[in-house]
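Visitor: My structure is stored as upload29.csv, with CSV, C-alpha atoms.
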chain,number,residue,atom,x,y,z
C,28,MET,CA,4.6,-16.7,-19.0
C,29,THR,CA,5.7,-14.6,-16.0
C,30,ILE,CA,6.6,-16.2,-12.7
C,31,THR,CA,7.7,-14.7,-9.4
C,32,LEU,CA,11.3,-15.5,-8.5
C,33,ALA,CA,12.2,-15.5,-4.8
C,34,ARG,CA,15.5,-15.5,-2.9
C,35,SER,CA,16.2,-15.5,0.8
C,36,HIS,CA,17.3,-12.4,2.7
C,37,PRO,CA,18.1,-12.1,6.5
C,38,ILE,CA,16.4,-9.2,8.2
C,39,TYR,CA,18.0,-9.5,11.6
C,40,SER,CA,20.8,-11.2,13.6
C,41,VAL,CA,19.6,-14.3,15.5
C,42,LYS,CA,22.5,-13.7,18.0
C,43,ALA,CA,21.2,-10.2,18.6
C,44,VAL,CA,17.7,-11.5,19.3
C,45,GLU,CA,19.1,-14.1,21.7
C,46,SER,CA,21.0,-11.4,23.6
C,47,ALA,CA,17.9,-9.2,23.7
C,48,GLN,CA,15.9,-12.1,25.0
C,49,GLU,CA,18.3,-12.5,27.9
C,50,ARG,CA,17.9,-8.8,28.7
C,51,ALA,CA,14.1,-9.2,28.6
C,52,ARG,CA,14.3,-12.0,31.1
C,53,ALA,CA,16.4,-9.9,33.4
C,54,LEU,CA,13.8,-7.1,33.1
C,55,LYS,CA,11.0,-9.6,33.7
C,56,SER,CA,9.2,-8.7,30.6
C,57,PRO,CA,7.1,-11.7,29.4
C,58,GLU,CA,5.7,-9.8,26.4
C,59,LEU,CA,9.2,-9.1,25.1
C,60,GLU,CA,10.4,-12.6,25.8
C,61,ALA,CA,7.5,-14.0,23.9
C,62,PHE,CA,8.1,-11.7,20.9
C,63,TYR,CA,11.8,-12.7,20.8
C,64,GLU,CA,10.8,-16.3,21.0
C,65,ASP,CA,8.6,-15.8,18.0
C,66,MET,CA,11.5,-14.2,16.2
C,67,LEU,CA,13.8,-17.1,17.0
C,68,GLU,CA,11.2,-19.7,15.9
C,69,LYS,CA,10.6,-17.9,12.6
C,70,GLY,CA,14.2,-17.4,11.9
C,71,ALA,CA,15.9,-14.4,10.3
C,72,GLU,CA,15.3,-15.3,6.6
C,73,ARG,CA,12.5,-13.7,4.5
C,74,PHE,CA,11.7,-13.8,0.9
C,75,VAL,CA,12.6,-11.1,-1.6
C,76,THR,CA,10.5,-11.4,-4.8
C,77,THR,CA,11.2,-10.4,-8.3
C,78,PRO,CA,8.9,-11.0,-11.4
C,79,SER,CA,10.7,-13.0,-14.1
C,80,SER,CA,9.6,-10.6,-16.8
C,81,THR,CA,8.6,-6.9,-17.2
C,82,ALA,CA,5.3,-8.3,-18.5
C,83,ALA,CA,4.2,-8.7,-14.9
C,84,LEU,CA,3.6,-4.9,-14.8
C,85,GLN,CA,1.5,-4.9,-18.0
C,86,PRO,CA,-1.9,-5.5,-16.2
C,87,LEU,CA,-1.4,-2.3,-14.2
C,88,TYR,CA,-1.4,-0.3,-17.4
C,89,ASP,CA,-4.9,-1.5,-18.0
C,90,ASP,CA,-6.1,-1.4,-14.4
C,91,CYS,CA,-4.4,2.0,-13.5
C,92,PRO,CA,-4.1,3.8,-16.9
C,93,ASN,CA,-3.4,7.2,-15.3
C,94,PHE,CA,-0.2,5.8,-13.7
C,95,SER,CA,1.6,5.3,-17.0
C,96,GLU,CA,4.5,7.6,-16.2
C,97,VAL,CA,5.5,5.8,-13.0
C,98,LEU,CA,4.8,2.4,-14.7
C,99,ASP,CA,7.1,3.3,-17.5
C,100,ASP,CA,10.0,3.9,-15.1
C,101,LEU,CA,9.2,0.8,-13.0
C,102,THR,CA,9.2,-1.3,-16.1
C,103,ARG,CA,12.7,-0.1,-17.0
C,104,TYR,CA,14.0,-0.6,-13.5
C,105,LEU,CA,12.5,-4.1,-13.4
C,106,GLY,CA,14.2,-4.8,-16.6
C,107,LEU,CA,17.5,-3.8,-15.1
C,108,ALA,CA,17.0,-6.0,-12.1
C,109,ILE,CA,16.2,-9.0,-14.2
C,110,ALA,CA,19.2,-8.4,-16.5
C,111,GLY,CA,21.6,-8.1,-13.5
C,112,GLY,CA,20.0,-10.8,-11.4
C,113,ALA,CA,19.5,-8.3,-8.6
C,114,GLY,CA,16.4,-7.5,-6.5
C,115,PHE,CA,13.8,-5.1,-7.7
C,116,ASN,CA,14.6,-2.3,-5.3
C,117,VAL,CA,14.0,1.2,-6.5
C,118,MET,CA,14.1,4.5,-4.7
C,119,PRO,CA,10.9,5.4,-2.7
C,120,VAL,CA,8.0,6.6,-5.0
C,121,LEU,CA,5.9,9.6,-4.1
C,122,LEU,CA,2.5,9.7,-5.9
C,123,LEU,CA,1.2,13.2,-6.0
C,124,GLY,CA,-2.4,13.7,-7.0
C,125,ASP,CA,-5.9,14.7,-6.0
C,126,PRO,CA,-7.9,12.4,-3.6
C,127,GLY,CA,-9.6,9.6,-5.4
C,128,VAL,CA,-7.3,9.2,-8.4
C,129,GLY,CA,-6.4,5.6,-7.3
C,130,LYS,CA,-3.1,6.0,-5.5
C,131,THR,CA,-3.8,3.4,-2.7
C,132,HIS,CA,-5.3,1.0,-5.2
C,133,PHE,CA,-2.2,1.3,-7.3
C,134,GLY,CA,-0.1,0.4,-4.3
C,135,LYS,CA,-2.2,-2.7,-3.6
C,136,ARG,CA,-2.1,-3.8,-7.2
C,137,LEU,CA,1.7,-3.3,-7.3
C,138,ALA,CA,2.2,-5.5,-4.3
C,139,ALA,CA,0.1,-8.2,-6.0
C,140,VAL,CA,2.0,-8.3,-9.2
C,141,LEU,CA,5.3,-8.3,-7.3
C,142,GLY,CA,4.1,-11.3,-5.4
C,143,THR,CA,4.7,-9.7,-2.0
C,144,GLU,CA,2.7,-8.3,1.0
C,145,PHE,CA,1.1,-4.9,1.4
C,146,GLU,CA,1.1,-2.6,4.4
C,147,PHE,CA,-1.0,0.6,4.6
C,148,ILE,CA,-0.1,3.3,7.1
C,149,SER,CA,-2.3,6.4,7.3
C,150,MET,CA,0.0,9.4,8.0
C,151,ASN,CA,-3.0,11.6,8.4
C,152,ALA,CA,-4.1,9.7,11.5
C,153,LEU,CA,-0.5,9.6,12.8
C,154,SER,CA,-0.1,11.7,16.0
C,155,ALA,CA,3.3,10.3,16.8
C,156,GLY,CA,6.2,8.4,15.2
C,157,PHE,CA,5.5,5.4,17.4
C,158,VAL,CA,3.3,3.8,14.8
C,159,ILE,CA,6.3,3.5,12.6
C,160,THR,CA,9.2,3.1,15.1
C,161,GLY,CA,7.4,1.4,17.9
C,162,SER,CA,7.5,2.5,21.6
C,163,SER,CA,9.9,1.7,24.3
C,164,SER,CA,9.2,-1.6,26.1
C,165,THR,CA,9.4,0.3,29.4
C,166,TRP,CA,6.2,2.1,28.6
C,167,LYS,CA,2.8,0.8,29.5
C,168,GLY,CA,1.0,-0.8,26.5
C,169,ALA,CA,4.2,-0.7,24.5
C,170,LYS,CA,4.4,-2.5,21.1
C,171,CYS,CA,6.4,-2.6,18.0
C,172,GLY,CA,5.8,-0.3,15.0
C,173,LYS,CA,4.0,-1.3,11.8
C,174,VAL,CA,7.2,-1.6,9.8
C,175,ALA,CA,8.9,-4.0,12.2
C,176,GLU,CA,5.7,-6.0,12.7
C,177,ARG,CA,5.4,-6.4,8.9
C,178,LEU,CA,9.0,-7.6,8.6
C,179,VAL,CA,9.0,-9.9,11.6
C,180,ARG,CA,5.5,-11.3,11.3
C,181,GLY,CA,5.4,-11.5,7.5
C,182,LYS,CA,7.0,-13.7,5.0
C,183,PHE,CA,8.8,-11.1,2.9
C,184,ALA,CA,11.7,-8.7,3.3
C,185,ASN,CA,10.3,-6.6,0.4
C,186,PRO,CA,6.7,-5.7,1.3
C,187,VAL,CA,5.1,-2.7,-0.4
C,188,VAL,CA,4.6,-0.2,2.4
C,189,LEU,CA,2.3,2.6,1.5
C,190,LEU,CA,2.4,5.8,3.6
C,191,ASP,CA,-0.8,7.6,2.9
C,192,GLU,CA,-1.1,11.5,2.9
C,193,VAL,CA,2.4,11.9,4.1
C,194,GLU,CA,2.1,15.7,4.0
C,195,LYS,CA,-0.5,15.6,6.8
C,196,ALA,CA,1.8,13.8,9.3
C,197,THR,CA,1.9,15.5,12.7
C,198,GLY,CA,3.6,14.9,16.0
C,199,SER,CA,5.6,16.3,18.9
C,200,THR,CA,9.3,17.1,18.7
C,201,GLN,CA,10.0,13.9,20.7
C,202,SER,CA,7.9,11.7,18.3
C,203,ASP,CA,8.0,13.3,14.9
C,204,PRO,CA,6.6,10.8,12.3
C,205,MET,CA,8.9,12.3,9.7
C,206,ALA,CA,12.0,11.6,11.7
C,207,ALA,CA,12.0,7.9,11.1
C,208,LEU,CA,11.5,8.3,7.4
C,209,TYR,CA,14.9,10.0,7.0
C,210,GLN,CA,16.5,6.7,8.0
C,211,LEU,CA,14.0,4.3,6.4
C,212,LEU,CA,14.0,6.0,3.0
C,213,GLU,CA,17.8,5.9,2.7
C,214,PRO,CA,19.2,2.6,1.5
C,215,GLU,CA,22.3,2.7,3.6
C,216,THR,CA,20.7,3.6,6.9
C,217,SER,CA,17.6,1.5,6.4
C,218,ARG,CA,19.8,-1.6,6.7
C,219,ALA,CA,20.0,-1.0,10.5
C,220,PHE,CA,16.4,0.2,11.3
C,221,HIS,CA,15.9,0.3,15.1
C,222,ASP,CA,12.4,-0.3,16.4
C,223,GLU,CA,12.1,1.0,19.9
C,224,PHE,CA,10.1,-1.9,21.2
C,225,ILE,CA,12.1,-4.8,19.7
C,226,ASP,CA,15.5,-3.1,20.4
C,227,VAL,CA,17.1,-5.1,17.7
C,228,ASP,CA,18.3,-3.7,14.4
C,229,LEU,CA,16.2,-4.8,11.4
C,230,ASP,CA,17.2,-4.7,7.7
C,231,ALA,CA,14.4,-2.6,6.0
C,232,SER,CA,16.5,-1.9,2.9
C,233,GLN,CA,14.4,-4.2,0.7
C,234,VAL,CA,11.1,-2.5,1.5
C,235,PHE,CA,9.3,-1.1,-1.5
C,236,TRP,CA,8.2,2.4,-0.3
C,237,VAL,CA,5.2,4.1,-1.9
C,238,LEU,CA,4.1,7.4,-0.4
C,239,THR,CA,1.1,9.4,-1.4
C,240,ALA,CA,0.3,13.1,-1.0
C,241,ASN,CA,-2.3,15.6,-2.2
C,242,SER,CA,0.4,18.4,-2.3
C,243,LEU,CA,4.1,18.9,-1.6
C,244,GLU,CA,3.3,21.5,1.1
C,245,GLY,CA,4.4,20.3,4.5
C,246,ILE,CA,6.9,17.7,3.2
C,247,PRO,CA,10.5,18.8,4.1
C,248,PRO,CA,12.8,19.2,1.0
C,249,ALA,CA,15.4,16.8,2.6
C,250,LEU,CA,12.7,14.1,2.6
C,251,LEU,CA,11.6,14.9,-1.0
C,252,SER,CA,15.2,14.5,-2.2
C,253,ARG,CA,15.0,10.8,-1.1
C,254,MET,CA,12.0,10.1,-3.4
C,255,ALA,CA,11.0,9.9,-7.1
C,256,ILE,CA,8.0,12.2,-7.5
C,257,TYR,CA,5.2,11.5,-9.9
C,258,GLU,CA,2.2,13.7,-10.6
C,259,VAL,CA,-0.8,11.4,-11.1
C,260,PRO,CA,-3.6,13.0,-13.1
C,261,SER,CA,-7.2,12.1,-12.9
C,262,PRO,CA,-8.2,9.5,-15.5
C,263,THR,CA,-9.4,10.8,-18.9
C,264,PRO,CA,-13.1,9.9,-19.7
C,265,ASP,CA,-11.9,7.1,-21.9
C,266,GLU,CA,-9.6,5.7,-19.2
C,267,ALA,CA,-12.4,6.1,-16.6
C,268,ALA,CA,-14.8,4.1,-18.8
C,269,GLY,CA,-12.2,1.4,-19.1
C,270,ILE,CA,-11.8,1.3,-15.4
C,271,ALA,CA,-15.6,1.1,-15.0
C,272,LYS,CA,-15.8,-1.9,-17.4
C,273,ARG,CA,-13.1,-3.8,-15.4
C,274,VAL,CA,-14.7,-3.0,-12.0
C,275,TYR,CA,-18.1,-4.0,-13.4
C,276,ALA,CA,-16.8,-7.3,-14.8
C,277,GLY,CA,-15.1,-8.0,-11.4
C,278,LEU,CA,-18.3,-7.4,-9.5
C,279,LEU,CA,-20.4,-9.7,-11.8
C,280,LYS,CA,-17.8,-12.5,-11.1
C,281,GLU,CA,-17.5,-11.7,-7.4
C,282,LEU,CA,-21.3,-11.6,-6.8
C,283,LYS,CA,-22.0,-14.5,-9.3
C,284,LEU,CA,-24.6,-12.4,-11.1
C,285,GLN,CA,-25.0,-14.6,-14.2
C,286,ASN,CA,-28.3,-13.0,-15.2
C,287,LEU,CA,-26.9,-9.5,-15.7
C,288,ASP,CA,-25.6,-8.3,-19.1
C,289,GLU,CA,-21.8,-8.6,-19.4
C,290,ASP,CA,-21.5,-5.1,-21.1
C,291,LEU,CA,-22.4,-1.7,-19.7
C,292,PRO,CA,-24.5,0.5,-22.1
C,293,ASP,CA,-22.7,3.6,-23.4
C,294,SER,CA,-25.1,5.9,-21.6
C,295,VAL,CA,-24.1,4.3,-18.3
C,296,LEU,CA,-20.4,4.5,-19.2
C,297,ASP,CA,-20.7,8.1,-20.0
C,298,LYS,CA,-22.1,8.8,-16.5
C,299,LEU,CA,-19.5,6.6,-14.8
C,300,SER,CA,-16.7,8.3,-16.6
C,301,THR,CA,-17.3,11.5,-14.5
C,302,ILE,CA,-16.5,9.9,-11.2
C,303,SER,CA,-13.2,9.1,-9.5
C,304,PRO,CA,-11.7,5.5,-9.4
C,305,ARG,CA,-12.2,5.6,-5.6
C,306,GLU,CA,-16.0,5.9,-6.1
C,307,MET,CA,-16.3,3.5,-9.0
C,308,ARG,CA,-16.8,0.3,-7.1
C,309,LYS,CA,-19.4,1.6,-4.6
C,310,THR,CA,-21.3,3.4,-7.3
C,311,LEU,CA,-21.5,0.3,-9.5
C,312,LEU,CA,-22.3,-1.9,-6.5
C,313,ASP,CA,-25.2,0.4,-5.7
C,314,GLY,CA,-26.2,0.5,-9.4
C,315,LEU,CA,-26.3,-3.3,-9.5
C,316,GLY,CA,-28.5,-3.3,-6.5
C,317,PHE,CA,-31.0,-0.9,-8.1
C,318,ALA,CA,-31.1,-2.9,-11.3
C,319,VAL,CA,-31.6,-6.3,-9.5
C,320,ALA,CA,-34.3,-4.8,-7.3
C,321,ALA,CA,-36.1,-3.5,-10.4
C,322,GLY,CA,-35.9,-6.9,-12.1
C,323,ARG,CA,-33.7,-5.6,-14.9
C,324,THR,CA,-30.8,-7.5,-16.5
C,325,ALA,CA,-28.9,-4.3,-17.5
C,326,LEU,CA,-28.0,-1.1,-15.8
C,327,VAL,CA,-29.6,2.2,-16.9
C,328,PRO,CA,-28.2,5.7,-16.3
C,329,GLU,CA,-30.7,6.2,-13.4
C,330,ASP,CA,-29.0,3.3,-11.5
C,331,VAL,CA,-25.8,5.4,-11.4
C,332,ARG,CA,-26.5,7.7,-8.5
C,333,LEU,CA,-23.9,10.4,-8.3
C,334,LYS,CA,-23.4,12.5,-5.1
C,335,THR,CA,-25.1,15.4,-6.8
C,336,ASP,CA,-28.0,13.4,-8.0
C,337,PRO,CA,-31.4,14.5,-6.7
C,338,ALA,CA,-32.2,10.7,-6.2
C,339,ARG,CA,-29.4,10.5,-3.6
C,340,ARG,CA,-31.0,11.9,-0.5
C,341,ARG,CA,-29.5,12.4,2.9
C,342,ILE,CA,-30.8,10.4,5.8
C,343,GLY,CA,-31.9,12.7,8.5
C,344,PHE,CA,-34.7,14.6,10.1
As structure tokens, please, write out the structure in this file.

Guide:
Amino acid sequence: MTITLARSHPIYSVKAVESAQERARALKSPELEAFYEDMLEKGAERFVTTPSSTAALQPLYDDCPNFSEVLDDLTRYLGLAIAGGAGFNVMPVLLLGDPGVGKTHFGKRLAAVLGTEFEFISMNALSAGFVITGSSSTWKGAKCGKVAERLVRGKFANPVVLLDEVEKATGSTQSDPMAALYQLLEPETSRAFHDEFIDVDLDASQVFWVLTANSLEGIPPALLSRMAIYEVPSPTPDEAAGIAKRVYAGLLKELKLQNLDEDLPDSVLDKLSTISPREMRKTLLDGLGFAVAAGRTALVPEDVRLKTDPARRRIGF
């Protein structure tokens, strides 16, 4: 049996927060005062979680079969953490692969098996580094960045933070989204991460970083050197069929569809094995809708409407 072990880890200095609160009063900033008050009420301690056995990662081999390379490494690193009694803190992981292969889903599932929280940050939508580092409290509408908010508002010092499509990050020279990553992805400097809004150093060294990219183009070499890079292939037909079976079983349970057959016919699996993991859930959800509407207890290939299917028509004029 695998259980999640947790230890306490301080992520900021209470004295530093008290000093910052005094400055906020002098500046007559009620928003900052309230934020600092919340920090003082919560205290500086957060949980750092570590599974008690490498078996905790085993479900991911079944759920994300095309991630076996990164899972093999994570399993060894977790074994080392357990043997030494240390936290499971590896170097940032960059998942390189085509859209739809399941990179974000992998990050969510990893957070679940580690017993910690998950934060998703789309770097494609990032026009400035403020989303990561926060903005100065002197600015109108200022607020803290997502990293600080997750650490301060959350319960864990080691959340899984996924930076999606990191190669597409853009920004001005004054607010380059990549600039903050040089500090955050380095263990030594991440211990004193400075959010512009909070203006108090935070210990982000326990954060489990997962970055995704469709290509390496646009990612500075100095940043790549801080990461372990894994090429994630598309699932094989057999792997895709296995994913479809698990998604289908999950939907039957979630929707309480007791009158539907528990197994998918081979003809349906053959068709499902041609689509990406990202599309699997919606395709099966639609297929179940077609089957129920037709009064059938089993899906047929015609229920699996692929994007190129003639049955899938655009809505328009």

Visitor: Nearest to Leu299 in chain C among C:Gly277, C:Ala320, C:Gln210, C:Ala268, with distances taken over all atoms listed in the file: which residue is it?

Guide: C:Ala268

Visitor: Would you mind telling me which residue in C:Gly269, C:Pro92, C:Gly316, C:Pro247 lies nearest to Asp290 in chain C when using all atoms listed in the file?

Guide: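 Checking each of C:Gly269, C:Pro92, C:Gly316, C:Pro247 against Asp290 in chain C, counting all atoms listed in the file, the winner is C:Gly269.
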
Visitor: Name the closest residue to Tyr63 in chain C among the candidates C:Ala47, C:Leu121, C:Ala83, C:Leu326; distances are taken between atoms, counting all atoms listed in the file.

Guide: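 Counting all atoms listed in the file, the residue closest to Tyr63 in chain C is C:Ala47.
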
Visitor: Could you check how far CA of Pro37 in chain C sits from CA of Lys170 in chain C, in Å to one decimal?

Guide: 22.2 Å

Visitor: Give as a count of residues only every residue, naming chains and numbers as the document does, that has an atom within 12 Å of (-4.0, 17.7, -15.7), counting all atoms listed in the file.

Guide: 11

Visitor: Which is closest to Pro119 in chain C among C:Glu72, C:Glu58, C:Glu192, C:Glu213, if we use all atoms listed in the file?

Guide: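 Between C:Glu72, C:Glu58, C:Glu192, C:Glu213, the residue approaching Pro119 in chain C most closely is C:Glu213.
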
Visitor: Have a look at CA of Asn241 in chain C and CA of Lys130 in chain C and let me know their distance in Å, one decimal.

Guide: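 Rounded to one decimal, the two atoms are 10.2 Å apart.
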
Visitor: Find the distance between CA of Thr131 in chain C and CA of Glu96 in chain C and write it in Å to one decimal.

Guide: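 Going from CA of Thr131 in chain C over to CA of Glu96 in chain C, I get 16.4 Å.
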
Visitor: With all atoms listed in the file as the basis for distance, which of C:Ser95, C:Ser56, C:Thr324, C:Gln233 is at the shortest distance from Leu211 in chain C?

Guide: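 Among C:Ser95, C:Ser56, C:Thr324, C:Gln233, it is C:Gln233 that comes nearest to Leu211 in chain C.
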